[in-house]
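Listing of data-v9.cif; format and content: mmCIF, C-alpha atoms.
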```cif
data_data
loop_
_atom_site.label_atom_id
_atom_site.label_comp_id
_atom_site.auth_asym_id
_atom_site.auth_seq_id
_atom_site.Cartn_x
_atom_site.Cartn_y
_atom_site.Cartn_z
CA MET Q 440 153.23 44.83 38.44
CA SER Q 441 153.24 48.50 39.14
CA ALA Q 442 155.84 50.35 41.14
CA ALA Q 443 155.05 51.08 44.78
CA THR Q 444 153.50 54.45 45.36
CA MET Q 445 154.77 56.55 48.27
CA ILE Q 446 152.11 58.33 50.23
CA PRO Q 447 153.35 61.34 52.13
CA VAL Q 448 152.62 61.11 55.88
CA PRO Q 449 153.01 64.16 58.11
CA SER Q 450 155.87 63.83 60.61
CA ASP Q 451 153.60 64.42 63.63
CA GLN Q 452 151.54 61.37 62.64
CA LEU Q 453 154.72 59.31 62.22
CA ARG Q 454 155.83 60.36 65.72
CA SER Q 455 152.42 59.38 67.10
CA VAL Q 456 152.66 55.96 65.49
CA ALA Q 457 156.22 55.49 66.79
CA ASN Q 458 155.14 56.45 70.33
CA TYR Q 459 152.18 54.09 70.11
CA VAL Q 460 154.43 51.21 69.09
CA LYS Q 461 156.89 52.02 71.91
CA ASP Q 462 154.13 52.22 74.54
CA THR Q 463 152.47 49.07 73.26
CA GLN Q 464 155.77 47.18 73.38
CA GLN Q 465 156.19 48.06 77.07
CA ILE Q 466 152.67 46.83 77.82
CA ILE Q 467 153.28 43.58 75.91
CA GLU Q 468 156.54 42.97 77.79
CA LYS Q 469 154.88 43.68 81.15
CA GLN Q 470 152.04 41.28 80.31
CA GLY Q 471 154.55 38.62 79.28
CA LYS Q 472 156.38 38.91 82.60
CA LEU Q 473 153.09 38.73 84.48
CA GLU Q 474 152.04 35.59 82.61
CA ALA Q 475 155.42 33.94 83.27
CA THR Q 476 155.16 34.75 86.97
CA LEU Q 477 151.59 33.46 87.12
CA GLY Q 478 152.65 30.23 85.45
CA LYS Q 479 155.37 29.62 88.03
CA ARG Q 480 153.40 30.74 91.06
CA ALA Q 481 150.17 28.99 90.11
CA SER Q 482 151.93 25.65 90.30
CA THR Q 483 153.40 26.46 93.72
CA VAL Q 484 150.07 27.68 95.07
CA VAL Q 485 148.19 24.64 93.79
CA ASP Q 486 150.81 22.33 95.32
CA ALA Q 487 150.26 24.07 98.68
CA LEU Q 488 146.48 23.74 98.33
CA VAL Q 489 146.80 20.01 97.63
CA ARG Q 490 149.37 19.49 100.43
CA ASN Q 491 147.12 21.22 102.98
CA GLY Q 492 144.00 19.32 101.97
CA CYS Q 493 142.24 22.30 100.40
CA LEU Q 494 142.17 20.81 96.90
CA HIS Q 495 141.94 17.27 95.56
CA ALA Q 496 145.08 16.14 93.77
CA HIS Q 497 143.17 15.12 90.63
CA LEU Q 498 142.18 18.79 90.13
CA LYS Q 499 145.77 20.03 90.25
CA GLU Q 500 146.44 20.51 86.51
CA ALA Q 501 143.02 22.04 85.90
CA LYS Q 502 143.50 24.56 88.72
CA ILE Q 503 146.98 25.52 87.48
CA ARG Q 504 145.49 26.22 84.04
CA GLU Q 505 142.57 28.11 85.57
CA PHE Q 506 144.77 30.31 87.75
CA THR Q 507 147.15 31.02 84.86
CA ASP Q 508 144.42 31.76 82.32
CA ASN Q 509 142.18 33.69 84.69
CA PRO Q 510 144.11 35.27 87.59
CA ALA Q 511 140.87 36.64 89.07
CA SER Q 512 139.91 33.05 89.88
CA LEU Q 513 142.66 33.15 92.52
CA LEU Q 514 140.59 35.74 94.36
CA ASP Q 515 137.57 33.43 94.21
CA GLU Q 516 139.68 30.64 95.72
CA VAL Q 517 140.96 32.93 98.49
CA GLU Q 518 137.38 33.93 99.28
CA LYS Q 519 136.35 30.26 99.57
CA LEU Q 520 139.34 29.51 101.80
CA ALA Q 521 138.63 32.49 104.03
CA ALA Q 522 135.11 31.20 104.62
CA ARG Q 523 136.54 27.83 105.75
CA VAL Q 524 139.30 29.10 108.02
CA GLN Q 525 138.71 29.17 111.77
CA VAL Q 526 141.08 31.63 113.38
CA ALA Q 527 141.66 31.29 117.09
CA PRO Q 528 141.62 34.58 118.95
CA VAL Q 529 145.03 35.91 119.83
CA GLY Q 530 145.52 36.75 123.50
CA ARG Q 531 142.78 37.55 125.95
CA PRO Q 532 141.45 40.71 127.56
CA VAL Q 533 143.44 41.91 130.55
CA GLU Q 534 141.53 42.53 133.74
CA GLN Q 535 141.53 46.11 134.90
CA GLN Q 536 144.71 46.76 136.78
CA SER Q 537 145.71 49.81 138.67
CA LYS Q 538 149.25 50.82 139.32
CA GLU Q 539 150.31 53.58 141.58
CA ALA Q 540 153.52 55.43 140.99
CA SER Q 541 155.18 58.33 142.65
CA ALA Q 542 157.37 61.08 141.30
CA GLU Q 543 160.30 59.83 143.41
CA GLY Q 544 160.35 56.45 141.70
CA GLY Q 545 158.50 54.58 144.42
CA GLY Q 546 157.32 51.16 143.35
CA GLN Q 547 160.05 50.85 140.76
CA GLY Q 548 162.63 48.12 140.83
CA SER Q 549 166.25 48.91 141.59
CA ALA Q 550 167.25 48.40 137.93
CA ASN Q 551 164.76 51.05 136.85
CA GLN Q 552 165.97 53.43 139.54
CA VAL Q 553 169.60 53.03 138.39
CA PHE Q 554 168.56 53.56 134.76
CA LEU Q 555 166.56 56.68 135.57
CA SER Q 556 169.28 58.14 137.76
CA THR Q 557 171.80 57.57 134.95
CA LEU Q 558 169.54 59.36 132.47
CA THR Q 559 168.78 62.28 134.73
CA GLY Q 560 172.25 62.57 136.21
CA ALA Q 561 170.90 62.19 139.74
CA GLY Q 562 173.28 60.80 142.31
CA ARG Q 563 176.41 62.42 140.84
#
```
The structure given in the file should be rewritten as structure tokens.
Amino acid sequence: MSAATMIPVPSDQLRSVANYVKDTQQIIEKQGKLEATLGKRASTVVDALVRNGCLHAHLKEAKIREFTDNPASLLDEVEKLAARVQVAPVGRPVEQQSKEASAEGGGQGSANQVFLSTLTGAGR
């Protein structure tokens, strides 16, 4: 066997490689955390879908795998659910009302008059 040959590498290239490794490590760690979170949350989400009748129980494991392996499939599922949801309107339109007020506080209850007089210092 022959002795190992050292090849000189410029220091700027070594720094570039070191920075690349550092940046890549951060990306790998971030991806790992994301995958761990997806694994935990996918199970919770699928349980909720089954519990609320949005998914058959026999599809549970397959959906957990799908959501974990392909997070974009969650968006597809949300889109399907949104098409099925019937949202009742909140509130109702108010008929046109008119209210007359005067600068002296006419038409205001006594509590409002006391509050306003306290703020303005009137009646002292």
Hits of the PyMOL selection byres ((chain Q and resi 482) around 10) in this structure, as a list in words: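 Checked against the file, the PyMOL selection byres ((chain Q and resi 482) around 10) matches Leu477, Gly478, Lys479, Arg480, Ala481, Thr483, Val484, Val485, Asp486, Ala487, Leu488, Lys499, Glu500, Lys502, Ile503, Arg504, Phe506 and Thr507 of chain Q.
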Next, write the just-selected residues to a file, as a PDB file, in the coordinates of the input, keeping C-alpha atoms as the atom set.
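Result file is result35.pdb:
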```pdb
ATOM      1  CA  LEU Q 477     151.590  33.460  87.120  1.00  0.00           C
ATOM      2  CA  GLY Q 478     152.650  30.230  85.450  1.00  0.00           C
ATOM      3  CA  LYS Q 479     155.370  29.620  88.030  1.00  0.00           C
ATOM      4  CA  ARG Q 480     153.400  30.740  91.060  1.00  0.00           C
ATOM      5  CA  ALA Q 481     150.170  28.990  90.110  1.00  0.00           C
ATOM      6  CA  THR Q 483     153.400  26.460  93.720  1.00  0.00           C
ATOM      7  CA  VAL Q 484     150.070  27.680  95.070  1.00  0.00           C
ATOM      8  CA  VAL Q 485     148.190  24.640  93.790  1.00  0.00           C
ATOM      9  CA  ASP Q 486     150.810  22.330  95.320  1.00  0.00           C
ATOM     10  CA  ALA Q 487     150.260  24.070  98.680  1.00  0.00           C
ATOM     11  CA  LEU Q 488     146.480  23.740  98.330  1.00  0.00           C
ATOM     12  CA  LYS Q 499     145.770  20.030  90.250  1.00  0.00           C
ATOM     13  CA  GLU Q 500     146.440  20.510  86.510  1.00  0.00           C
ATOM     14  CA  LYS Q 502     143.500  24.560  88.720  1.00  0.00           C
ATOM     15  CA  ILE Q 503     146.980  25.520  87.480  1.00  0.00           C
ATOM     16  CA  ARG Q 504     145.490  26.220  84.040  1.00  0.00           C
ATOM     17  CA  PHE Q 506     144.770  30.310  87.750  1.00  0.00           C
ATOM     18  CA  THR Q 507     147.150  31.020  84.860  1.00  0.00           C
TER      19      THR Q 507
END
```
For CA of Gly492 (chain Q) and CA of Pro510 (chain Q), determine how far apart the two atoms are, in Å to one decimal place. 21.5 Å
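Going from CA of Leu498 (chain Q) over to CA of Leu513 (chain Q), you cover 14.6 Å.
You will find CA of His495 (chain Q) at 23.5 Å from CA of Thr476 (chain Q).
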